[in-house]
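Student: File structure-v8.cif below, mmCIF, C-alpha atoms:
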```
data_protein
loop_
_atom_site.group_PDB
_atom_site.id
_atom_site.type_symbol
_atom_site.label_atom_id
_atom_site.label_comp_id
_atom_site.auth_asym_id
_atom_site.auth_seq_id
_atom_site.Cartn_x
_atom_site.Cartn_y
_atom_site.Cartn_z
ATOM 1 C CA MET A 1 -5.744 -4.495 7.274
ATOM 2 C CA LYS A 2 -4.984 -1.822 9.810
ATOM 3 C CA ALA A 3 -6.007 1.797 9.936
ATOM 4 C CA ARG A 4 -4.580 4.409 12.248
ATOM 5 C CA ILE A 5 -6.887 7.316 13.007
ATOM 6 C CA HIS A 6 -5.211 10.516 14.212
ATOM 7 C CA VAL A 7 -7.703 12.759 15.983
ATOM 8 C CA THR A 8 -6.526 16.291 16.750
ATOM 9 C CA LEU A 9 -8.210 19.421 18.051
ATOM 10 C CA LYS A 10 -8.935 22.079 15.445
ATOM 11 C CA ASP A 11 -6.844 25.244 15.532
ATOM 12 C CA GLY A 12 -8.228 27.735 17.987
ATOM 13 C CA VAL A 13 -9.868 25.160 20.223
ATOM 14 C CA LEU A 14 -8.529 25.420 23.774
ATOM 15 C CA ASP A 15 -6.454 22.421 24.795
ATOM 16 C CA PRO A 16 -6.125 22.225 28.588
ATOM 17 C CA GLN A 17 -4.469 18.801 28.403
ATOM 18 C CA GLY A 18 -1.802 20.134 26.049
ATOM 19 C CA ARG A 19 -1.245 23.129 28.327
ATOM 20 C CA ALA A 20 -0.825 20.879 31.338
ATOM 21 C CA ILE A 21 1.742 18.769 29.460
ATOM 22 C CA HIS A 22 3.556 21.939 28.333
ATOM 23 C CA HIS A 23 3.664 23.221 31.913
ATOM 24 C CA ALA A 24 4.913 19.878 33.213
ATOM 25 C CA LEU A 25 7.684 19.711 30.586
ATOM 26 C CA GLU A 26 8.868 23.169 31.609
ATOM 27 C CA GLY A 27 8.735 22.136 35.248
ATOM 28 C CA LEU A 28 11.004 19.208 34.415
ATOM 29 C CA GLY A 29 13.515 21.615 32.915
ATOM 30 C CA PHE A 30 12.885 21.022 29.217
ATOM 31 C CA GLY A 31 13.377 24.378 27.502
ATOM 32 C CA GLY A 32 12.545 25.072 23.907
ATOM 33 C CA VAL A 33 9.037 23.660 23.954
ATOM 34 C CA GLU A 34 6.888 26.251 22.215
ATOM 35 C CA ASP A 35 3.543 24.534 22.054
ATOM 36 C CA VAL A 36 1.920 21.220 22.911
ATOM 37 C CA ARG A 37 -1.315 19.851 21.476
ATOM 38 C CA ALA A 38 -2.825 16.630 22.744
ATOM 39 C CA GLY A 39 -4.859 14.296 20.570
ATOM 40 C CA ARG A 40 -5.952 10.701 20.272
ATOM 41 C CA LEU A 41 -4.661 7.799 18.251
ATOM 42 C CA ILE A 42 -6.998 4.918 17.455
ATOM 43 C CA GLU A 43 -5.699 1.776 15.780
ATOM 44 C CA LEU A 44 -8.351 -0.276 14.025
ATOM 45 C CA THR A 45 -7.806 -3.828 12.831
ATOM 46 C CA LEU A 46 -10.321 -4.247 10.029
ATOM 47 C CA ALA A 47 -11.531 -7.063 7.825
ATOM 48 C CA ASP A 48 -9.902 -6.944 4.402
ATOM 49 C CA GLY A 49 -12.039 -5.029 1.985
ATOM 50 C CA THR A 50 -13.388 -2.489 4.447
ATOM 51 C CA SER A 51 -13.934 0.566 2.285
ATOM 52 C CA ASP A 52 -12.508 4.027 2.873
ATOM 53 C CA ASP A 53 -16.089 5.278 3.038
ATOM 54 C CA ASP A 54 -16.798 2.941 5.950
ATOM 55 C CA ILE A 55 -13.721 4.167 7.798
ATOM 56 C CA ASP A 56 -14.743 7.769 7.163
ATOM 57 C CA ALA A 57 -18.212 7.017 8.495
ATOM 58 C CA MET A 58 -16.741 5.493 11.676
ATOM 59 C CA CYS A 59 -14.682 8.633 12.215
ATOM 60 C CA ARG A 60 -17.543 11.018 11.605
ATOM 61 C CA LYS A 61 -20.100 9.114 13.654
ATOM 62 C CA LEU A 62 -18.042 8.042 16.635
ATOM 63 C CA LEU A 63 -14.295 8.496 16.688
ATOM 64 C CA ALA A 64 -14.016 12.247 16.160
ATOM 65 C CA ASN A 65 -16.190 15.137 17.273
ATOM 66 C CA MET A 66 -16.355 17.033 14.007
ATOM 67 C CA VAL A 67 -17.292 20.299 15.730
ATOM 68 C CA ILE A 68 -13.952 20.653 17.467
ATOM 69 C CA GLU A 69 -11.732 17.918 16.044
ATOM 70 C CA ASN A 70 -10.092 16.906 12.789
ATOM 71 C CA TYR A 71 -9.160 13.374 11.881
ATOM 72 C CA ARG A 72 -6.683 11.809 9.508
ATOM 73 C CA VAL A 73 -6.769 8.199 8.344
ATOM 74 C CA GLU A 74 -3.524 6.337 7.734
ATOM 75 C CA LEU A 75 -3.782 2.866 6.235
ATOM 76 C CA VAL A 76 -0.987 0.574 7.388
ATOM 77 C CA MET B 77 10.300 22.090 14.190
ATOM 78 C CA LYS B 78 7.476 19.775 15.076
ATOM 79 C CA ALA B 79 7.487 16.325 16.595
ATOM 80 C CA ARG B 80 4.539 13.974 16.759
ATOM 81 C CA ILE B 81 4.672 11.461 19.602
ATOM 82 C CA HIS B 82 2.539 8.341 19.160
ATOM 83 C CA VAL B 83 1.919 6.652 22.499
ATOM 84 C CA THR B 84 0.365 3.179 22.351
ATOM 85 C CA LEU B 85 -0.293 0.473 24.906
ATOM 86 C CA LYS B 86 2.085 -2.495 24.793
ATOM 87 C CA ASP B 87 0.740 -5.776 23.477
ATOM 88 C CA GLY B 88 -1.022 -7.713 26.177
ATOM 89 C CA VAL B 89 -1.982 -4.669 28.234
ATOM 90 C CA LEU B 90 -5.748 -4.493 28.688
ATOM 91 C CA ASP B 91 -7.342 -1.582 26.838
ATOM 92 C CA PRO B 92 -10.815 -0.830 28.213
ATOM 93 C CA GLN B 93 -11.105 2.356 26.126
ATOM 94 C CA GLY B 94 -10.384 0.410 22.952
ATOM 95 C CA ARG B 95 -12.928 -2.225 23.942
ATOM 96 C CA ALA B 96 -15.569 0.425 24.556
ATOM 97 C CA ILE B 97 -14.908 1.950 21.132
ATOM 98 C CA HIS B 98 -15.063 -1.512 19.524
ATOM 99 C CA HIS B 99 -18.381 -2.216 21.228
ATOM 100 C CA ALA B 100 -19.798 1.153 20.185
ATOM 101 C CA LEU B 101 -18.745 0.640 16.541
ATOM 102 C CA GLU B 102 -20.528 -2.716 16.510
ATOM 103 C CA GLY B 103 -23.571 -1.110 18.084
ATOM 104 C CA LEU B 104 -23.612 1.423 15.244
ATOM 105 C CA GLY B 105 -23.671 -1.433 12.746
ATOM 106 C CA PHE B 106 -20.069 -1.356 11.551
ATOM 107 C CA GLY B 107 -19.117 -4.961 10.890
ATOM 108 C CA GLY B 108 -15.633 -6.141 10.114
ATOM 109 C CA VAL B 109 -13.913 -4.404 12.997
ATOM 110 C CA GLU B 110 -11.628 -7.024 14.514
ATOM 111 C CA ASP B 111 -9.764 -5.050 17.131
ATOM 112 C CA VAL B 112 -9.452 -1.503 18.429
ATOM 113 C CA ARG B 113 -6.567 -0.081 20.419
ATOM 114 C CA ALA B 114 -6.673 3.430 21.824
ATOM 115 C CA GLY B 115 -3.592 5.564 22.277
ATOM 116 C CA ARG B 116 -2.464 9.160 22.558
ATOM 117 C CA LEU B 117 -1.023 11.578 20.055
ATOM 118 C CA ILE B 118 1.031 14.509 21.313
ATOM 119 C CA GLU B 119 2.201 17.223 18.917
ATOM 120 C CA LEU B 120 5.166 19.223 20.161
ATOM 121 C CA THR B 121 6.308 22.481 18.592
ATOM 122 C CA LEU B 122 9.977 22.691 19.492
ATOM 123 C CA ALA B 123 12.748 25.236 19.142
ATOM 124 C CA ASP B 124 14.990 24.429 16.189
ATOM 125 C CA GLY B 125 17.934 22.371 17.289
ATOM 126 C CA THR B 126 16.143 20.387 19.979
ATOM 127 C CA SER B 127 18.026 17.094 19.959
ATOM 128 C CA ASP B 128 16.520 13.666 19.503
ATOM 129 C CA ASP B 129 17.896 12.795 22.930
ATOM 130 C CA ASP B 130 15.891 15.616 24.499
ATOM 131 C CA ILE B 131 12.726 14.409 22.799
ATOM 132 C CA ASP B 132 13.421 10.858 23.980
ATOM 133 C CA ALA B 133 13.916 12.136 27.511
ATOM 134 C CA MET B 134 10.572 14.000 27.393
ATOM 135 C CA CYS B 135 8.855 10.792 26.319
ATOM 136 C CA ARG B 136 10.495 8.629 28.960
ATOM 137 C CA LYS B 137 10.055 11.063 31.821
ATOM 138 C CA LEU B 138 6.576 12.381 31.151
ATOM 139 C CA LEU B 139 4.752 11.585 27.948
ATOM 140 C CA ALA B 140 4.731 7.784 28.060
ATOM 141 C CA ASN B 141 4.488 5.326 30.924
ATOM 142 C CA MET B 142 7.267 2.964 29.902
ATOM 143 C CA VAL B 143 5.877 0.123 32.005
ATOM 144 C CA ILE B 144 2.761 -0.286 29.899
ATOM 145 C CA GLU B 145 3.248 1.969 26.872
ATOM 146 C CA ASN B 146 5.461 2.294 23.816
ATOM 147 C CA TYR B 147 6.155 5.538 22.029
ATOM 148 C CA ARG B 148 7.250 6.482 18.554
ATOM 149 C CA VAL B 149 8.650 9.858 17.546
ATOM 150 C CA GLU B 150 7.858 11.289 14.121
ATOM 151 C CA LEU B 151 9.628 14.497 13.141
ATOM 152 C CA VAL B 152 7.547 16.683 10.842
#
```
Turn this file's structure into structure tokens for me.

Tutor:
Amino acid sequence: MKARIHVTLKDGVLDPQGRAIHHALEGLGFGGVEDVRAGRLIELTLADGTSDDDIDAMCRKLLANMVIENYRVELV
Amino acid sequence: MKARIHVTLKDGVLDPQGRAIHHALEGLGFGGVEDVRAGRLIELTLADGTSDDDIDAMCRKLLANMVIENYRVELV
């Protein structure tokens, strides 16, 4: 089984990487970009039967920094 | 409108970040993890009416390195 973990910064947390991307898009002439937020995507290939609780524990302990980030698990 | 861009390494491209995460998960005692691939997630807030072609152009010119990465656009 596969799980995709989407890790994104919480609202209100400064995102310098997103700002740099935003600035670069404008520099390339792309108008109409109002905001850019950068995050991480982690694709896990897991043994069948890995429980949702295990995946949650992986996210909380290692994959996301719960102080400033949210995560979302998508099973594929 | 919002667009989520999923940027992932192409198959066969070495992924040291994914390997480090894999190693760390094993070190924390999580068994059953077979593979880990790390990628990027970029959330764009766009003016209404931004065309799919524009979004594709942003990805090809800046957001993804087409030599080693694939991207997928998800409109939200």

Student: Just so the selection is clear, what residues does the PyMOL selection byres ((chain A) within 10 of (chain B)) cover here, as a count of residues only?

Tutor: 45

Student: What does chain A look like once superposed on chain B, all Cα atoms paired in sequence order, least squares? Give it as a PDB file with C-alpha atoms, in the coordinates of the input.

Tutor:
```
ATOM      1  CA  MET A   1      10.313  22.079  14.190  1.00  0.00           C
ATOM      2  CA  LYS A   2       7.473  19.773  15.070  1.00  0.00           C
ATOM      3  CA  ALA A   3       7.494  16.331  16.591  1.00  0.00           C
ATOM      4  CA  ARG A   4       4.548  13.988  16.774  1.00  0.00           C
ATOM      5  CA  ILE A   5       4.673  11.466  19.598  1.00  0.00           C
ATOM      6  CA  HIS A   6       2.531   8.349  19.159  1.00  0.00           C
ATOM      7  CA  VAL A   7       1.914   6.655  22.495  1.00  0.00           C
ATOM      8  CA  THR A   8       0.358   3.190  22.350  1.00  0.00           C
ATOM      9  CA  LEU A   9      -0.304   0.475  24.903  1.00  0.00           C
ATOM     10  CA  LYS A  10       2.076  -2.475  24.791  1.00  0.00           C
ATOM     11  CA  ASP A  11       0.730  -5.772  23.481  1.00  0.00           C
ATOM     12  CA  GLY A  12      -1.027  -7.708  26.185  1.00  0.00           C
ATOM     13  CA  VAL A  13      -1.993  -4.672  28.228  1.00  0.00           C
ATOM     14  CA  LEU A  14      -5.767  -4.502  28.675  1.00  0.00           C
ATOM     15  CA  ASP A  15      -7.344  -1.591  26.837  1.00  0.00           C
ATOM     16  CA  PRO A  16     -10.819  -0.839  28.211  1.00  0.00           C
ATOM     17  CA  GLN A  17     -11.100   2.341  26.136  1.00  0.00           C
ATOM     18  CA  GLY A  18     -10.388   0.411  22.943  1.00  0.00           C
ATOM     19  CA  ARG A  19     -12.937  -2.232  23.936  1.00  0.00           C
ATOM     20  CA  ALA A  20     -15.571   0.410  24.561  1.00  0.00           C
ATOM     21  CA  ILE A  21     -14.907   1.948  21.132  1.00  0.00           C
ATOM     22  CA  HIS A  22     -15.056  -1.516  19.524  1.00  0.00           C
ATOM     23  CA  HIS A  23     -18.381  -2.230  21.228  1.00  0.00           C
ATOM     24  CA  ALA A  24     -19.789   1.141  20.188  1.00  0.00           C
ATOM     25  CA  LEU A  25     -18.743   0.634  16.547  1.00  0.00           C
ATOM     26  CA  GLU A  26     -20.521  -2.719  16.500  1.00  0.00           C
ATOM     27  CA  GLY A  27     -23.567  -1.124  18.082  1.00  0.00           C
ATOM     28  CA  LEU A  28     -23.608   1.410  15.255  1.00  0.00           C
ATOM     29  CA  GLY A  29     -23.679  -1.429  12.748  1.00  0.00           C
ATOM     30  CA  PHE A  30     -20.072  -1.362  11.558  1.00  0.00           C
ATOM     31  CA  GLY A  31     -19.108  -4.975  10.881  1.00  0.00           C
ATOM     32  CA  GLY A  32     -15.621  -6.138  10.115  1.00  0.00           C
ATOM     33  CA  VAL A  33     -13.902  -4.410  13.007  1.00  0.00           C
ATOM     34  CA  GLU A  34     -11.619  -7.024  14.526  1.00  0.00           C
ATOM     35  CA  ASP A  35      -9.764  -5.044  17.134  1.00  0.00           C
ATOM     36  CA  VAL A  36      -9.452  -1.498  18.431  1.00  0.00           C
ATOM     37  CA  ARG A  37      -6.559  -0.069  20.426  1.00  0.00           C
ATOM     38  CA  ALA A  38      -6.671   3.439  21.821  1.00  0.00           C
ATOM     39  CA  GLY A  39      -3.591   5.588  22.278  1.00  0.00           C
ATOM     40  CA  ARG A  40      -2.481   9.181  22.548  1.00  0.00           C
ATOM     41  CA  LEU A  41      -1.024  11.597  20.056  1.00  0.00           C
ATOM     42  CA  ILE A  42       1.033  14.527  21.310  1.00  0.00           C
ATOM     43  CA  GLU A  43       2.204  17.233  18.928  1.00  0.00           C
ATOM     44  CA  LEU A  44       5.174  19.229  20.160  1.00  0.00           C
ATOM     45  CA  THR A  45       6.310  22.484  18.594  1.00  0.00           C
ATOM     46  CA  LEU A  46       9.984  22.698  19.492  1.00  0.00           C
ATOM     47  CA  ALA A  47      12.754  25.238  19.134  1.00  0.00           C
ATOM     48  CA  ASP A  48      15.003  24.434  16.188  1.00  0.00           C
ATOM     49  CA  GLY A  49      17.941  22.377  17.289  1.00  0.00           C
ATOM     50  CA  THR A  50      16.157  20.391  19.973  1.00  0.00           C
ATOM     51  CA  SER A  51      18.025  17.103  19.964  1.00  0.00           C
ATOM     52  CA  ASP A  52      16.518  13.656  19.509  1.00  0.00           C
ATOM     53  CA  ASP A  53      17.915  12.791  22.933  1.00  0.00           C
ATOM     54  CA  ASP A  54      15.899  15.610  24.495  1.00  0.00           C
ATOM     55  CA  ILE A  55      12.729  14.400  22.801  1.00  0.00           C
ATOM     56  CA  ASP A  56      13.421  10.856  23.978  1.00  0.00           C
ATOM     57  CA  ALA A  57      13.927  12.132  27.512  1.00  0.00           C
ATOM     58  CA  MET A  58      10.587  13.986  27.400  1.00  0.00           C
ATOM     59  CA  CYS A  59       8.860  10.788  26.316  1.00  0.00           C
ATOM     60  CA  ARG A  60      10.498   8.619  28.936  1.00  0.00           C
ATOM     61  CA  LYS A  61      10.058  11.053  31.807  1.00  0.00           C
ATOM     62  CA  LEU A  62       6.580  12.376  31.159  1.00  0.00           C
ATOM     63  CA  LEU A  63       4.753  11.582  27.953  1.00  0.00           C
ATOM     64  CA  ALA A  64       4.733   7.785  28.055  1.00  0.00           C
ATOM     65  CA  ASN A  65       4.487   5.323  30.918  1.00  0.00           C
ATOM     66  CA  MET A  66       7.261   2.966  29.899  1.00  0.00           C
ATOM     67  CA  VAL A  67       5.868   0.112  32.003  1.00  0.00           C
ATOM     68  CA  ILE A  68       2.756  -0.283  29.892  1.00  0.00           C
ATOM     69  CA  GLU A  69       3.239   1.974  26.875  1.00  0.00           C
ATOM     70  CA  ASN A  70       5.442   2.307  23.818  1.00  0.00           C
ATOM     71  CA  TYR A  71       6.145   5.550  22.041  1.00  0.00           C
ATOM     72  CA  ARG A  72       7.235   6.485  18.555  1.00  0.00           C
ATOM     73  CA  VAL A  73       8.643   9.861  17.548  1.00  0.00           C
ATOM     74  CA  GLU A  74       7.852  11.289  14.127  1.00  0.00           C
ATOM     75  CA  LEU A  75       9.621  14.493  13.144  1.00  0.00           C
ATOM     76  CA  VAL A  76       7.527  16.661  10.840  1.00  0.00           C
TER      77      VAL A  76
END
```

Student: What does the structure give for the distance between atom CA of A:Tyr71 and atom CA of A:Arg19, in Å to one decimal?

Tutor: 20.7 Å

Student: Just the number, please: distance in Å from atom CA of B:Ile144 to atom CA of B:Lys86, one decimal.

Tutor: 5.6 Å

Student: Could you jot down the atom CA of A:Asp53 to atom CA of B:Val152 separation for me, Å, one decimal place?

Tutor: 27.4 Å

Student: Let me have the centre and edge lengths in Å, one decimal, of the box along x, y and z around every listed atom of stretch 54-62 of chain A with 5 Å of margin on each side, as AutoDock Vina command-line options.

Tutor:
```
--center_x -16.9 --center_y 7.0 --center_z 11.3 --size_x 16.4 --size_y 18.1 --size_z 20.7
```

Student: Choose the residue, out of A:Glu26, A:Asp15, A:Leu9, A:Asn70, that has the smallest atom-to-atom separation from A:Asp56; count all atoms listed in the file.

Tutor: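 Smallest distance to A:Asp56 is found for A:Asn70.
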
Student: Would you fill the gaps in stretch 100-111 of chain B so it has all heavy atoms, then print it as a PDB file, keeping the file's coordinate frame?

Tutor:
```pdb
ATOM      1  N   ALA B 100     -18.948   0.089  20.721  1.00  0.00           N
ATOM      2  CA  ALA B 100     -19.798   1.153  20.185  1.00  0.00           C
ATOM      3  C   ALA B 100     -19.871   1.076  18.662  1.00  0.00           C
ATOM      4  O   ALA B 100     -20.934   1.308  18.063  1.00  0.00           O
ATOM      5  CB  ALA B 100     -19.266   2.513  20.631  1.00  0.00           C
ATOM      6  N   LEU B 101     -18.736   0.765  18.011  1.00  0.00           N
ATOM      7  CA  LEU B 101     -18.745   0.640  16.541  1.00  0.00           C
ATOM      8  C   LEU B 101     -19.681  -0.489  16.124  1.00  0.00           C
ATOM      9  O   LEU B 101     -20.452  -0.353  15.165  1.00  0.00           O
ATOM     10  CB  LEU B 101     -17.333   0.384  16.014  1.00  0.00           C
ATOM     11  CG  LEU B 101     -16.388   1.591  15.986  1.00  0.00           C
ATOM     12  CD1 LEU B 101     -14.971   1.161  15.629  1.00  0.00           C
ATOM     13  CD2 LEU B 101     -16.877   2.648  14.995  1.00  0.00           C
ATOM     14  N   GLU B 102     -19.625  -1.615  16.839  1.00  0.00           N
ATOM     15  CA  GLU B 102     -20.528  -2.716  16.510  1.00  0.00           C
ATOM     16  C   GLU B 102     -21.976  -2.306  16.731  1.00  0.00           C
ATOM     17  O   GLU B 102     -22.851  -2.626  15.921  1.00  0.00           O
ATOM     18  CB  GLU B 102     -20.179  -3.942  17.355  1.00  0.00           C
ATOM     19  CG  GLU B 102     -18.882  -4.604  16.892  1.00  0.00           C
ATOM     20  CD  GLU B 102     -18.480  -5.808  17.732  1.00  0.00           C
ATOM     21  OE1 GLU B 102     -18.972  -5.910  18.882  1.00  0.00           O
ATOM     22  OE2 GLU B 102     -17.682  -6.613  17.259  1.00  0.00           O
ATOM     23  N   GLY B 103     -22.212  -1.576  17.809  1.00  0.00           N
ATOM     24  CA  GLY B 103     -23.571  -1.110  18.084  1.00  0.00           C
ATOM     25  C   GLY B 103     -24.105  -0.196  16.994  1.00  0.00           C
ATOM     26  O   GLY B 103     -25.310  -0.143  16.742  1.00  0.00           O
ATOM     27  N   LEU B 104     -23.201   0.530  16.335  1.00  0.00           N
ATOM     28  CA  LEU B 104     -23.612   1.423  15.244  1.00  0.00           C
ATOM     29  C   LEU B 104     -23.754   0.672  13.924  1.00  0.00           C
ATOM     30  O   LEU B 104     -24.071   1.270  12.897  1.00  0.00           O
ATOM     31  CB  LEU B 104     -22.583   2.551  15.081  1.00  0.00           C
ATOM     32  CG  LEU B 104     -22.608   3.636  16.158  1.00  0.00           C
ATOM     33  CD1 LEU B 104     -21.403   4.563  16.008  1.00  0.00           C
ATOM     34  CD2 LEU B 104     -23.896   4.453  16.065  1.00  0.00           C
ATOM     35  N   GLY B 105     -23.464  -0.634  13.944  1.00  0.00           N
ATOM     36  CA  GLY B 105     -23.671  -1.433  12.746  1.00  0.00           C
ATOM     37  C   GLY B 105     -22.445  -1.587  11.865  1.00  0.00           C
ATOM     38  O   GLY B 105     -22.558  -2.076  10.739  1.00  0.00           O
ATOM     39  N   PHE B 106     -21.281  -1.175  12.347  1.00  0.00           N
ATOM     40  CA  PHE B 106     -20.069  -1.356  11.551  1.00  0.00           C
ATOM     41  C   PHE B 106     -19.539  -2.764  11.778  1.00  0.00           C
ATOM     42  O   PHE B 106     -19.028  -3.085  12.847  1.00  0.00           O
ATOM     43  CB  PHE B 106     -19.001  -0.331  11.933  1.00  0.00           C
ATOM     44  CG  PHE B 106     -19.362   1.077  11.537  1.00  0.00           C
ATOM     45  CD1 PHE B 106     -19.722   2.013  12.486  1.00  0.00           C
ATOM     46  CD2 PHE B 106     -19.354   1.454  10.210  1.00  0.00           C
ATOM     47  CE1 PHE B 106     -20.062   3.301  12.129  1.00  0.00           C
ATOM     48  CE2 PHE B 106     -19.691   2.744   9.832  1.00  0.00           C
ATOM     49  CZ  PHE B 106     -20.057   3.666  10.798  1.00  0.00           C
ATOM     50  N   GLY B 107     -19.688  -3.630  10.790  1.00  0.00           N
ATOM     51  CA  GLY B 107     -19.117  -4.961  10.890  1.00  0.00           C
ATOM     52  C   GLY B 107     -17.656  -4.923  10.464  1.00  0.00           C
ATOM     53  O   GLY B 107     -17.165  -3.912   9.980  1.00  0.00           O
ATOM     54  N   GLY B 108     -16.985  -6.034  10.641  1.00  0.00           N
ATOM     55  CA  GLY B 108     -15.633  -6.141  10.114  1.00  0.00           C
ATOM     56  C   GLY B 108     -14.575  -5.441  10.927  1.00  0.00           C
ATOM     57  O   GLY B 108     -13.435  -5.315  10.492  1.00  0.00           O
ATOM     58  N   VAL B 109     -14.938  -4.970  12.123  1.00  0.00           N
ATOM     59  CA  VAL B 109     -13.913  -4.404  12.997  1.00  0.00           C
ATOM     60  C   VAL B 109     -13.413  -5.527  13.897  1.00  0.00           C
ATOM     61  O   VAL B 109     -14.187  -6.107  14.664  1.00  0.00           O
ATOM     62  CB  VAL B 109     -14.474  -3.242  13.848  1.00  0.00           C
ATOM     63  CG1 VAL B 109     -13.386  -2.678  14.749  1.00  0.00           C
ATOM     64  CG2 VAL B 109     -15.046  -2.166  12.957  1.00  0.00           C
ATOM     65  N   GLU B 110     -12.148  -5.879  13.775  1.00  0.00           N
ATOM     66  CA  GLU B 110     -11.628  -7.024  14.514  1.00  0.00           C
ATOM     67  C   GLU B 110     -11.009  -6.631  15.844  1.00  0.00           C
ATOM     68  O   GLU B 110     -11.073  -7.367  16.824  1.00  0.00           O
ATOM     69  CB  GLU B 110     -10.607  -7.771  13.645  1.00  0.00           C
ATOM     70  CG  GLU B 110     -11.290  -8.517  12.499  1.00  0.00           C
ATOM     71  CD  GLU B 110     -10.327  -8.951  11.414  1.00  0.00           C
ATOM     72  OE1 GLU B 110      -9.106  -8.880  11.617  1.00  0.00           O
ATOM     73  OE2 GLU B 110     -10.834  -9.350  10.340  1.00  0.00           O
ATOM     74  N   ASP B 111     -10.385  -5.477  15.877  1.00  0.00           N
ATOM     75  CA  ASP B 111      -9.764  -5.050  17.131  1.00  0.00           C
ATOM     76  C   ASP B 111      -9.608  -3.537  17.121  1.00  0.00           C
ATOM     77  O   ASP B 111      -9.472  -2.918  16.053  1.00  0.00           O
ATOM     78  CB  ASP B 111      -8.386  -5.707  17.284  1.00  0.00           C
ATOM     79  CG  ASP B 111      -7.833  -5.538  18.704  1.00  0.00           C
ATOM     80  OD1 ASP B 111      -8.647  -5.433  19.644  1.00  0.00           O
ATOM     81  OD2 ASP B 111      -6.598  -5.506  18.861  1.00  0.00           O
TER      82      ASP B 111
END
```
